[in-house]
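run_20.cif (mmCIF, C-alpha atoms and all ligand atoms)
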```cif
data_input
#
loop_
_atom_site.label_atom_id
_atom_site.label_comp_id
_atom_site.auth_asym_id
_atom_site.auth_seq_id
_atom_site.Cartn_x
_atom_site.Cartn_y
_atom_site.Cartn_z
CA MET A 3 6.01 15.14 19.72
CA ILE A 4 3.24 17.59 20.57
CA THR A 5 1.77 17.69 24.07
CA PHE A 6 -1.40 19.38 25.23
CA ASP A 7 -1.76 19.48 28.98
CA SER A 8 -5.20 20.67 30.17
CA VAL A 9 -5.29 23.50 27.63
CA THR A 10 -8.19 25.87 28.16
CA LYS A 11 -8.91 29.07 26.28
CA THR A 12 -11.80 31.31 27.16
CA TYR A 13 -13.10 34.34 25.32
CA GLY A 14 -15.27 36.09 27.87
CA ALA A 15 -17.78 33.48 28.98
CA LYS A 16 -17.04 31.26 25.97
CA ARG A 17 -14.75 28.27 26.32
CA ALA A 18 -13.20 27.87 22.87
CA VAL A 19 -10.92 25.09 24.17
CA ASP A 20 -11.91 23.23 27.30
CA GLY A 21 -9.31 21.21 29.20
CA LEU A 22 -7.67 19.56 26.19
CA SER A 23 -5.06 16.94 27.07
CA THR A 24 -3.47 14.65 24.49
CA GLU A 25 -0.15 13.74 22.91
CA ILE A 26 0.45 13.76 19.17
CA GLY A 27 3.18 11.28 18.36
CA PRO A 28 5.68 11.01 15.49
CA GLY A 29 5.52 8.71 12.48
CA ARG A 30 1.85 9.12 11.80
CA VAL A 31 -0.72 11.54 10.50
CA THR A 32 -2.96 12.70 13.32
CA GLY A 33 -6.20 14.22 12.14
CA PHE A 34 -7.65 16.99 14.28
CA LEU A 35 -11.32 16.81 13.51
CA GLY A 36 -14.29 18.81 14.62
CA PRO A 37 -17.20 20.83 13.29
CA ASN A 38 -16.62 24.50 12.47
CA GLY A 39 -16.15 26.45 15.66
CA ALA A 40 -15.00 23.38 17.62
CA GLY A 41 -11.79 25.12 18.65
CA LYS A 42 -9.25 23.58 16.27
CA SER A 43 -7.75 26.81 14.99
CA THR A 44 -7.58 28.24 18.50
CA THR A 45 -5.73 25.12 19.67
CA MET A 46 -3.25 25.36 16.79
CA ARG A 47 -2.71 29.07 17.35
CA ILE A 48 -1.95 28.41 21.02
CA LEU A 49 0.48 25.66 20.04
CA LEU A 50 2.29 28.08 17.73
CA GLY A 51 2.46 30.84 20.32
CA LEU A 52 0.06 33.09 18.36
CA ASP A 53 -2.48 33.02 21.13
CA ARG A 54 -2.07 32.46 24.84
CA ALA A 55 -3.89 29.66 26.67
CA THR A 56 -6.00 30.81 29.61
CA SER A 57 -4.57 27.82 31.46
CA GLY A 58 -2.64 24.66 30.70
CA ALA A 59 0.32 24.10 28.42
CA ALA A 60 0.85 23.30 24.74
CA LEU A 61 4.34 22.01 24.02
CA ILE A 62 6.39 21.02 21.01
CA ASP A 63 9.19 18.62 21.86
CA GLY A 64 8.63 19.50 25.50
CA ARG A 65 8.82 23.29 25.15
CA PRO A 66 6.40 26.11 24.51
CA TYR A 67 6.82 27.49 20.98
CA HIS A 68 8.54 30.72 22.00
CA GLN A 69 11.20 28.72 23.86
CA LEU A 70 12.16 26.61 20.84
CA ARG A 71 15.73 27.28 19.85
CA CYS A 72 15.31 27.11 16.10
CA GLN A 73 11.63 27.41 15.40
CA LEU A 74 11.60 26.91 11.65
CA ARG A 75 13.80 23.82 11.95
CA THR A 76 11.64 22.35 14.69
CA VAL A 77 8.13 23.01 13.50
CA GLY A 78 6.58 23.95 10.18
CA ALA A 79 3.08 25.37 10.14
CA LEU A 80 0.39 26.18 7.66
CA LEU A 81 -2.31 28.23 9.31
CA GLU A 82 -4.01 30.15 6.53
CA ALA A 83 -3.17 30.71 2.91
CA ARG A 84 -1.65 34.07 3.66
CA ALA A 85 2.06 33.50 3.13
CA GLY A 86 3.97 36.53 1.94
CA HIS A 87 3.22 39.96 0.52
CA PRO A 88 0.98 39.91 -2.58
CA GLY A 89 3.43 42.05 -4.55
CA GLN A 90 6.35 39.75 -3.87
CA PRO A 91 7.31 36.87 -6.13
CA ALA A 92 7.03 33.48 -4.43
CA ARG A 93 10.72 32.68 -4.75
CA SER A 94 11.86 35.97 -3.15
CA HIS A 95 9.46 35.39 -0.29
CA LEU A 96 10.99 31.99 0.40
CA LEU A 97 14.55 33.28 -0.13
CA GLY A 98 13.92 36.02 2.42
CA MET A 99 12.69 33.50 4.95
CA ALA A 100 15.54 31.13 4.22
CA ARG A 101 18.12 33.91 4.59
CA SER A 102 16.78 35.16 7.89
CA ASN A 103 16.84 31.61 9.23
CA GLY A 104 20.33 30.73 8.05
CA MET A 105 19.29 28.45 5.21
CA GLY A 106 20.70 28.35 1.70
CA ARG A 107 19.16 29.00 -1.73
CA ARG A 108 19.27 25.32 -2.52
CA ARG A 109 16.64 24.51 0.07
CA VAL A 110 14.32 27.09 -1.54
CA GLY A 111 14.63 25.28 -4.88
CA GLU A 112 13.94 21.98 -3.17
CA VAL A 113 10.76 23.08 -1.42
CA LEU A 114 9.46 24.85 -4.55
CA ALA A 115 9.92 21.59 -6.44
CA ALA A 116 8.35 19.59 -3.61
CA VAL A 117 5.14 21.61 -3.80
CA GLY A 118 5.08 21.86 -7.60
CA LEU A 119 5.63 25.63 -7.83
CA SER A 120 9.07 25.71 -9.52
CA GLU A 121 7.71 26.99 -12.82
CA VAL A 122 5.69 29.83 -11.33
CA ALA A 123 8.15 30.80 -8.61
CA GLY A 124 8.89 34.12 -10.33
CA ALA A 125 5.24 35.21 -10.31
CA ARG A 126 3.84 37.55 -7.68
CA ILE A 127 2.01 35.87 -4.82
CA GLY A 128 -0.98 38.16 -5.41
CA THR A 129 -1.61 36.47 -8.76
CA PHE A 130 -1.74 33.01 -7.18
CA SER A 131 -4.94 31.00 -6.84
CA LEU A 132 -5.96 29.84 -3.38
CA GLY A 133 -4.59 26.39 -4.17
CA MET A 134 -1.22 27.85 -5.23
CA ARG A 135 -1.10 29.93 -2.06
CA GLN A 136 -1.77 26.75 -0.06
CA ARG A 137 1.16 25.12 -1.84
CA LEU A 138 3.36 28.13 -1.09
CA GLY A 139 2.32 27.96 2.57
CA ILE A 140 3.32 24.32 2.62
CA ALA A 141 6.65 25.16 0.98
CA THR A 142 7.23 27.66 3.80
CA ALA A 143 6.35 25.03 6.40
CA LEU A 144 8.81 22.58 4.84
CA LEU A 145 11.66 25.10 4.50
CA GLY A 146 13.43 24.18 7.75
CA ASP A 147 12.94 20.43 7.14
CA PRO A 148 11.18 20.26 10.51
CA PRO A 149 10.29 17.05 12.38
CA VAL A 150 6.91 18.49 13.37
CA LEU A 151 4.29 19.79 10.92
CA ILE A 152 1.09 21.56 11.85
CA LEU A 153 -1.40 22.10 9.05
CA ASP A 154 -4.71 23.87 9.54
CA GLU A 155 -7.22 22.77 6.87
CA PRO A 156 -4.54 22.27 4.19
CA VAL A 157 -7.02 20.90 1.67
CA ASN A 158 -8.97 24.17 1.48
CA GLY A 159 -8.92 25.58 -2.00
CA LEU A 160 -7.14 22.66 -3.60
CA ASP A 161 -8.51 20.99 -6.70
CA PRO A 162 -8.89 17.17 -6.73
CA GLU A 163 -5.36 16.72 -8.03
CA GLY A 164 -4.07 19.01 -5.26
CA VAL A 165 -6.03 17.06 -2.66
CA THR A 166 -4.42 13.80 -3.77
CA TRP A 167 -1.05 15.51 -3.78
CA ILE A 168 -1.35 16.81 -0.22
CA ARG A 169 -2.59 13.45 1.05
CA THR A 170 0.42 11.72 -0.44
CA LEU A 171 2.72 14.41 0.91
CA MET A 172 1.34 14.11 4.46
CA ARG A 173 1.61 10.34 4.36
CA SER A 174 5.21 10.47 3.18
CA LEU A 175 6.17 13.10 5.79
CA ALA A 176 4.75 10.80 8.48
CA ALA A 177 6.50 7.78 6.95
CA GLU A 178 9.78 9.68 7.36
CA GLY A 179 9.08 9.69 11.09
CA ARG A 180 7.71 13.22 11.40
CA THR A 181 4.82 14.32 13.56
CA VAL A 182 2.03 15.45 11.24
CA PHE A 183 -0.87 17.21 12.94
CA VAL A 184 -3.57 18.26 10.51
CA SER A 185 -6.95 19.80 11.14
CA SER A 186 -10.08 19.38 9.08
CA HIS A 187 -13.80 19.69 9.46
CA LEU A 188 -14.21 17.04 6.75
CA LEU A 189 -14.43 13.56 8.07
CA SER A 190 -14.09 11.99 4.62
CA GLU A 191 -10.78 13.79 4.18
CA MET A 192 -9.43 12.57 7.50
CA ALA A 193 -10.64 9.02 6.91
CA ALA A 194 -8.55 8.94 3.75
CA THR A 195 -5.41 10.43 5.29
CA ALA A 196 -5.07 10.03 9.03
CA ASP A 197 -3.77 7.13 11.11
CA HIS A 198 -5.09 8.59 14.31
CA LEU A 199 -7.96 10.93 15.08
CA VAL A 200 -8.37 13.53 17.78
CA ILE A 201 -11.98 14.71 17.68
CA LEU A 202 -12.96 17.98 19.25
CA SER A 203 -16.40 19.45 19.71
CA ARG A 204 -17.19 22.69 21.51
CA GLY A 205 -13.64 22.75 22.75
CA ARG A 206 -13.83 19.32 24.34
CA LEU A 207 -12.01 16.15 23.45
CA LEU A 208 -14.55 13.59 22.22
CA ALA A 209 -12.28 10.86 20.92
CA ASP A 210 -8.57 10.19 20.73
CA ARG A 211 -7.88 6.87 19.04
CA PRO A 212 -6.54 5.15 15.95
CA LEU A 213 -8.77 5.44 12.91
CA THR A 214 -9.10 1.64 12.66
CA GLU A 215 -10.26 1.45 16.26
CA LEU A 216 -12.80 4.16 15.70
CA LEU A 217 -14.09 2.25 12.70
CA ASN A 218 -14.43 -0.86 14.84
CA VAL A 219 -16.38 0.59 17.75
CA SER A 220 -19.74 -0.48 16.51
CA ARG A 221 -19.23 -3.69 14.64
CA ARG A 222 -22.15 -6.03 14.54
CA ALA A 223 -23.16 -9.30 12.94
CA GLU A 224 -26.44 -10.52 11.56
CA LEU A 225 -27.23 -14.17 11.05
CA ARG A 226 -29.91 -16.68 10.20
CA THR A 227 -30.18 -20.11 11.75
CA PRO A 228 -32.83 -22.84 12.03
CA SER A 229 -32.22 -22.84 15.82
CA PRO A 230 -32.44 -19.19 16.91
CA ALA A 231 -33.39 -19.86 20.54
CA LEU A 232 -30.52 -22.26 21.12
CA LEU A 233 -27.95 -20.09 19.32
CA SER A 234 -29.17 -17.03 21.22
CA ARG A 235 -28.56 -18.84 24.47
CA VAL A 236 -25.05 -20.06 23.70
CA LEU A 237 -23.98 -16.70 22.29
CA SER A 238 -25.33 -14.91 25.36
CA GLU A 239 -23.46 -17.37 27.56
CA ALA A 240 -20.31 -16.50 25.60
CA GLY A 241 -20.81 -12.84 26.55
CA LEU A 242 -22.29 -11.55 23.30
CA SER A 243 -25.37 -9.42 23.13
CA VAL A 244 -28.13 -10.93 20.96
CA ASP A 245 -31.40 -9.44 19.67
CA ALA A 246 -33.97 -10.99 17.40
CA VAL A 247 -34.69 -8.80 14.37
CA GLY A 248 -37.35 -10.40 12.14
CA ASP A 249 -36.12 -13.87 11.21
CA ARG A 250 -32.54 -12.96 12.03
CA LEU A 251 -30.38 -12.51 15.08
CA ARG A 252 -28.34 -9.35 15.49
CA VAL A 253 -25.22 -9.80 17.58
CA THR A 254 -22.89 -7.17 19.03
CA GLY A 255 -19.93 -7.37 21.33
CA GLU A 256 -16.18 -7.70 21.19
CA ARG A 257 -16.25 -11.40 20.31
CA ILE A 258 -18.47 -11.30 17.23
CA GLU A 259 -15.64 -12.80 15.16
CA GLU A 260 -16.09 -16.01 17.19
CA ILE A 261 -19.76 -16.55 16.25
CA GLY A 262 -18.93 -19.17 13.61
CA ALA A 263 -16.74 -21.16 15.98
CA ILE A 264 -19.28 -21.00 18.81
CA ALA A 265 -22.04 -22.25 16.49
CA ARG A 266 -19.81 -25.08 15.25
CA GLU A 267 -18.84 -26.17 18.77
CA ASN A 268 -22.52 -26.42 19.63
CA GLU A 269 -23.38 -28.08 16.33
CA ILE A 270 -25.80 -25.32 15.38
CA GLN A 271 -26.31 -24.68 11.71
CA LEU A 272 -25.72 -21.13 10.39
CA ASP A 273 -27.51 -20.28 7.16
CA GLU A 274 -26.13 -16.79 6.79
CA LEU A 275 -23.63 -14.62 8.67
CA THR A 276 -22.75 -11.04 7.74
CA PHE A 277 -20.66 -8.48 9.57
CA SER A 278 -21.27 -4.78 9.28
CA GLY A 279 -20.09 -1.68 11.01
CA GLU A 280 -21.31 1.77 11.70
CA SER A 281 -19.64 4.03 9.19
CA LEU A 282 -17.08 6.48 10.47
CA GLU A 283 -19.57 9.17 9.45
CA ASP A 284 -22.15 7.64 11.80
CA VAL A 285 -19.65 7.43 14.65
CA TYR A 286 -18.66 11.06 14.14
CA ARG A 287 -22.27 12.18 13.96
CA ARG A 288 -23.12 10.29 17.12
CA LEU A 289 -20.11 11.67 18.97
CA THR A 290 -20.76 15.26 17.97
CA ALA A 291 -24.56 15.12 17.90
CA ASP A 292 -25.08 16.64 21.30
CA SER A 293 -22.56 19.36 20.99
CA VAL A 294 -22.45 20.77 17.48
CA GLU A 295 -22.73 24.43 16.79
CA PHE A 296 -22.31 24.01 13.08
CA ARG A 297 -22.12 20.70 11.33
CA ALA A 298 -19.78 19.80 8.50
CA ASP A 299 -21.57 18.60 5.41
CA ALA A 300 -22.10 14.92 6.11
CA GLN A 301 -21.37 13.88 2.54
CA GLY A 302 -18.09 15.72 2.58
CA ALA A 303 -18.46 16.46 -1.12
CA GLN A 304 -18.82 20.20 -1.01
CA GLY A 305 -17.52 20.67 2.48
CA ALA A 306 -19.92 23.53 3.01
CA PRO A 307 -20.83 23.97 6.64
CA VAL A 308 -24.57 24.12 7.25
CA MET A 309 -26.46 25.10 10.34
CA ALA A 310 -27.21 22.03 12.37
CA HIS A 311 -30.60 21.38 13.86
CA HIS A 312 -30.00 20.42 17.41
CA PRO A 313 -31.22 16.82 17.67
CA HIS A 314 -32.71 17.24 21.12
CA SER A 315 -34.40 20.58 20.76
N1 LIG A 401 -10.78 36.11 19.05
C1 LIG A 401 -11.92 35.51 19.41
N2 LIG A 401 -12.83 36.16 20.19
C2 LIG A 401 -13.97 35.56 20.56
N3 LIG A 401 -14.32 34.30 20.24
C3 LIG A 401 -13.46 33.60 19.48
C4 LIG A 401 -12.22 34.16 19.03
N4 LIG A 401 -11.56 33.21 18.31
C5 LIG A 401 -12.37 32.12 18.29
N5 LIG A 401 -13.50 32.34 19.00
C6 LIG A 401 -14.60 31.39 19.22
O1 LIG A 401 -14.05 30.19 19.72
C7 LIG A 401 -14.67 29.05 19.13
C8 LIG A 401 -13.63 28.17 18.48
O2 LIG A 401 -13.15 28.79 17.31
P1 LIG A 401 -12.05 28.15 16.35
O3 LIG A 401 -11.82 29.10 15.22
O4 LIG A 401 -10.89 27.72 17.13
O5 LIG A 401 -12.83 26.88 15.83
P2 LIG A 401 -12.41 25.89 14.66
O6 LIG A 401 -12.68 24.52 15.15
O7 LIG A 401 -11.06 26.17 14.18
O8 LIG A 401 -13.46 26.24 13.56
P3 LIG A 401 -13.23 26.75 12.07
O9 LIG A 401 -12.97 25.50 11.29
O10 LIG A 401 -14.55 27.39 11.76
O11 LIG A 401 -12.09 27.72 12.11
C9 LIG A 401 -15.71 29.59 18.18
O12 LIG A 401 -16.96 29.57 18.83
C10 LIG A 401 -15.26 30.99 17.91
O13 LIG A 401 -16.38 31.82 17.64
#
```
Now, as a test, write the supplied structure out as structure tokens.
Amino acid sequence: MITFDSVTKTYGAKRAVDGLSTEIGPGRVTGFLGPNGAGKSTTMRILLGLDRATSGAALIDGRPYHQLRCQLRTVGALLEARAGHPGQPARSHLLGMARSNGMGRRRVGEVLAAVGLSEVAGARIGTFSLGMRQRLGIATALLGDPPVLILDEPVNGLDPEGVTWIRTLMRSLAAEGRTVFVSSHLLSEMAATADHLVILSRGRLLADRPLTELLNVSRRAELRTPSPALLSRVLSEAGLSVDAVGDRLRVTGERIEEIGAIARENEIQLDELTFSGESLEDVYRRLTADSVEFRADAQGAQGAPVMAHHPHS
């Protein structure tokens, strides 16, 4: 379990993280989403004791990082693809870490196999591609078999096969009951991986809810009927919000699933009924629209951040 309690971090006049409070629970993948510069890395660095919060507390299993008894066995982290010295072979790097943390050689073999680096484990880290270095960073995070994993943009630099691999890995780590906290500026990535989303923008918490719930926030129905006035009235009486759009009625509200039943009860004919929802992309855009500094590429294909035009300026 990870707990953020009113975490604030200021750099001069800038609030990189602004009063963040949330709990990240076990057994699921929690996506930490926000445009570039939202404060995700700062939050993760504070959680791992690499940076100090200006105020508030960030706790892992109820303790600040530096008070954890056996850090590597409690929390595994991937912050940047910078594991190890470039001149050192990957296996020696992991063996060194394992030794200094009281773990055996066998575990090193296991994590190398888990990340698909067994065959290149003798090669120097400096010769590794970015994707291989990501895998090595993940191997390091897994070394202590920790119940909590913190991964900052783990998909960076991975090819499509690597992306699928890391998604599957995160899902299986969560299925084993671990807490998996993973940041990304790519919504499409999080939509494919996370169970729960914590969305940050300009240091502030914008949303903290299950992915399915976030997908459901703006469901609506459109229908056609020979009796629009009558149906409008009974739906409004049932607490739904109804607008006429051309020859159709557009209905929103929590009870849209009951439209068919309400029409039947009132013996009103429905010629057509379709449900649609705002895409997660639309929800994200709407949530972050007023506060983006940089915006992640909306298509998510390249993932290249582009300067956002402020919608209200
Ligand atoms: N050491 C620092 N000194 C001054 N400002 C900083 C420092 N570190 C971060 N910031 C600022 O704090 C804000 C949050 O940065 P942070 O790196 O946490 O964002 P992020 O969401 O992780 O984005 P990215 O995905 O680009 O890393 C940014 O505006 C950044 O410029």
Exercise answer, 10 Å around ligand LIG 401 (chain A) with only C-alpha atoms and all ligand atoms, as a PyMOL selection string | chain A and resi 11-19+34-48+53+154-155+185-188+202-205+295-296+298+307
Polymer residues at most 10 Å from Arg135 in chain A, all atoms listed in the file, same-chain spacing of 4 or more positions, as a ChimeraX atom specification = /A:82-86,92,119,127-131,139-141,159-160
Expressed in Å to a single decimal, how great is the separation between CA of Leu132 in chain A and CA of Glu178 in chain A?
-> 27.7 Å
Please indicate the distance in Å from CA of Ser174 in chain A to CA of Leu153 in chain A, rounded to one decimal place.
->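 That distance, rounded to one decimal, is 14.6 Å.
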Write out as a count of residues only which residues come within 12 Å of range 235-251 of chain A when counting all atoms listed in the file, dropping same-chain ones fewer than 6 positions away.
-> 29
Which residue out of A:Leu138, A:Ile201, A:Leu232, A:Ala194 has the minimum interatomic distance to Val165 in chain A when all atoms listed in the file are used?
-> A:Ala194
Could you please determine the separation between CA of Leu61 in chain A and CA of Ala79 in chain A in Å, to one decimal place?
-> 14.3 Å
Show which residues sit within 10 Å of Val77 in chain A, as a short mmCIF file (atom, residue, chain, number, x, y, z; two decimals) with C-alpha atoms, keeping the file's coordinate frame. Count all atoms listed in the file, and ignore same-chain residues fewer than 2 positions away.
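Saved the output as result37.cif:
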```cif
data_model
loop_
_atom_site.label_atom_id
_atom_site.label_comp_id
_atom_site.auth_asym_id
_atom_site.auth_seq_id
_atom_site.Cartn_x
_atom_site.Cartn_y
_atom_site.Cartn_z
CA LEU A 50 2.29 28.08 17.73
CA ILE A 62 6.39 21.02 21.01
CA ASP A 63 9.19 18.62 21.86
CA TYR A 67 6.82 27.49 20.98
CA LEU A 70 12.16 26.61 20.84
CA CYS A 72 15.31 27.11 16.10
CA GLN A 73 11.63 27.41 15.40
CA LEU A 74 11.60 26.91 11.65
CA ARG A 75 13.80 23.82 11.95
CA ALA A 79 3.08 25.37 10.14
CA ALA A 143 6.35 25.03 6.40
CA LEU A 144 8.81 22.58 4.84
CA LEU A 145 11.66 25.10 4.50
CA GLY A 146 13.43 24.18 7.75
CA ASP A 147 12.94 20.43 7.14
CA PRO A 148 11.18 20.26 10.51
CA PRO A 149 10.29 17.05 12.38
CA VAL A 150 6.91 18.49 13.37
CA LEU A 151 4.29 19.79 10.92
CA ILE A 152 1.09 21.56 11.85
CA THR A 181 4.82 14.32 13.56
CA VAL A 182 2.03 15.45 11.24
#
```
Taking into account all atoms listed in the file, which residue in the set A:Leu289, A:Leu49, A:Leu213, A:Ile26 is nearest to Gly78 in chain A?
->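 Counting all atoms listed in the file, the residue closest to Gly78 in chain A is A:Leu49.
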Nearest to Gly98 in chain A, restricted to only C-alpha atoms and choosing among A:Arg137, A:Thr142, A:Ala55, A:Tyr286, comes out as A:Thr142
Given the choices A:Val113, A:Gly164, A:Ser57, A:Leu217, which gets closest to Asp284 in chain A if the distance is worked out from only C-alpha atoms?
->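 Distance minimum relative to Asp284 in chain A lands on A:Leu217.
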Across A:Glu163, A:Asp197, A:Asp210, A:Glu215, the smallest distance to Ala176 in chain A, with only C-alpha atoms counted, is shown by A:Asp197
Complete the atom set of range 137-154 of chain A to N, CA and C atoms and return it as a PDB file, keeping the file's coordinate frame.
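Resulting contents of result-v3.pdb:
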```pdb
ATOM      1  N   ARG A 137      -0.098  25.796  -1.532  1.00  0.00           N
ATOM      2  CA  ARG A 137       1.160  25.120  -1.840  1.00  0.00           C
ATOM      3  C   ARG A 137       2.363  25.945  -1.360  1.00  0.00           C
ATOM      4  N   LEU A 138       2.265  27.267  -1.551  1.00  0.00           N
ATOM      5  CA  LEU A 138       3.360  28.130  -1.090  1.00  0.00           C
ATOM      6  C   LEU A 138       3.466  28.085   0.442  1.00  0.00           C
ATOM      7  N   GLY A 139       2.323  28.071   1.111  1.00  0.00           N
ATOM      8  CA  GLY A 139       2.320  27.960   2.570  1.00  0.00           C
ATOM      9  C   GLY A 139       2.967  26.662   3.025  1.00  0.00           C
ATOM     10  N   ILE A 140       2.720  25.609   2.274  1.00  0.00           N
ATOM     11  CA  ILE A 140       3.320  24.320   2.620  1.00  0.00           C
ATOM     12  C   ILE A 140       4.820  24.340   2.358  1.00  0.00           C
ATOM     13  N   ALA A 141       5.213  25.008   1.260  1.00  0.00           N
ATOM     14  CA  ALA A 141       6.650  25.160   0.980  1.00  0.00           C
ATOM     15  C   ALA A 141       7.336  25.870   2.146  1.00  0.00           C
ATOM     16  N   THR A 142       6.676  26.906   2.664  1.00  0.00           N
ATOM     17  CA  THR A 142       7.230  27.660   3.800  1.00  0.00           C
ATOM     18  C   THR A 142       7.356  26.751   5.020  1.00  0.00           C
ATOM     19  N   ALA A 143       6.325  25.941   5.250  1.00  0.00           N
ATOM     20  CA  ALA A 143       6.350  25.030   6.400  1.00  0.00           C
ATOM     21  C   ALA A 143       7.485  24.017   6.290  1.00  0.00           C
ATOM     22  N   LEU A 144       7.799  23.622   5.048  1.00  0.00           N
ATOM     23  CA  LEU A 144       8.810  22.580   4.840  1.00  0.00           C
ATOM     24  C   LEU A 144      10.247  23.132   4.815  1.00  0.00           C
ATOM     25  N   LEU A 145      10.356  24.461   4.724  1.00  0.00           N
ATOM     26  CA  LEU A 145      11.660  25.100   4.500  1.00  0.00           C
ATOM     27  C   LEU A 145      12.746  24.613   5.480  1.00  0.00           C
ATOM     28  N   GLY A 146      12.422  24.563   6.750  1.00  0.00           N
ATOM     29  CA  GLY A 146      13.430  24.180   7.750  1.00  0.00           C
ATOM     30  C   GLY A 146      13.550  22.672   7.933  1.00  0.00           C
ATOM     31  N   ASP A 147      12.916  21.889   7.043  1.00  0.00           N
ATOM     32  CA  ASP A 147      12.940  20.430   7.140  1.00  0.00           C
ATOM     33  C   ASP A 147      12.574  19.952   8.548  1.00  0.00           C
ATOM     34  N   PRO A 148      11.470  20.472   9.092  1.00  0.00           N
ATOM     35  CA  PRO A 148      11.180  20.260  10.510  1.00  0.00           C
ATOM     36  C   PRO A 148      10.587  18.872  10.807  1.00  0.00           C
ATOM     37  N   PRO A 149      10.853  18.347  11.993  1.00  0.00           N
ATOM     38  CA  PRO A 149      10.290  17.050  12.380  1.00  0.00           C
ATOM     39  C   PRO A 149       8.805  17.122  12.763  1.00  0.00           C
ATOM     40  N   VAL A 150       8.311  18.342  12.982  1.00  0.00           N
ATOM     41  CA  VAL A 150       6.910  18.490  13.370  1.00  0.00           C
ATOM     42  C   VAL A 150       6.198  19.411  12.369  1.00  0.00           C
ATOM     43  N   LEU A 151       5.062  18.954  11.851  1.00  0.00           N
ATOM     44  CA  LEU A 151       4.290  19.790  10.920  1.00  0.00           C
ATOM     45  C   LEU A 151       2.874  19.968  11.424  1.00  0.00           C
ATOM     46  N   ILE A 152       2.429  21.223  11.370  1.00  0.00           N
ATOM     47  CA  ILE A 152       1.090  21.560  11.850  1.00  0.00           C
ATOM     48  C   ILE A 152       0.354  22.228  10.701  1.00  0.00           C
ATOM     49  N   LEU A 153      -0.711  21.596  10.239  1.00  0.00           N
ATOM     50  CA  LEU A 153      -1.400  22.100   9.050  1.00  0.00           C
ATOM     51  C   LEU A 153      -2.879  22.304   9.378  1.00  0.00           C
ATOM     52  N   ASP A 154      -3.315  23.553   9.242  1.00  0.00           N
ATOM     53  CA  ASP A 154      -4.710  23.870   9.540  1.00  0.00           C
ATOM     54  C   ASP A 154      -5.503  23.865   8.234  1.00  0.00           C
TER      55      ASP A 154
END
```
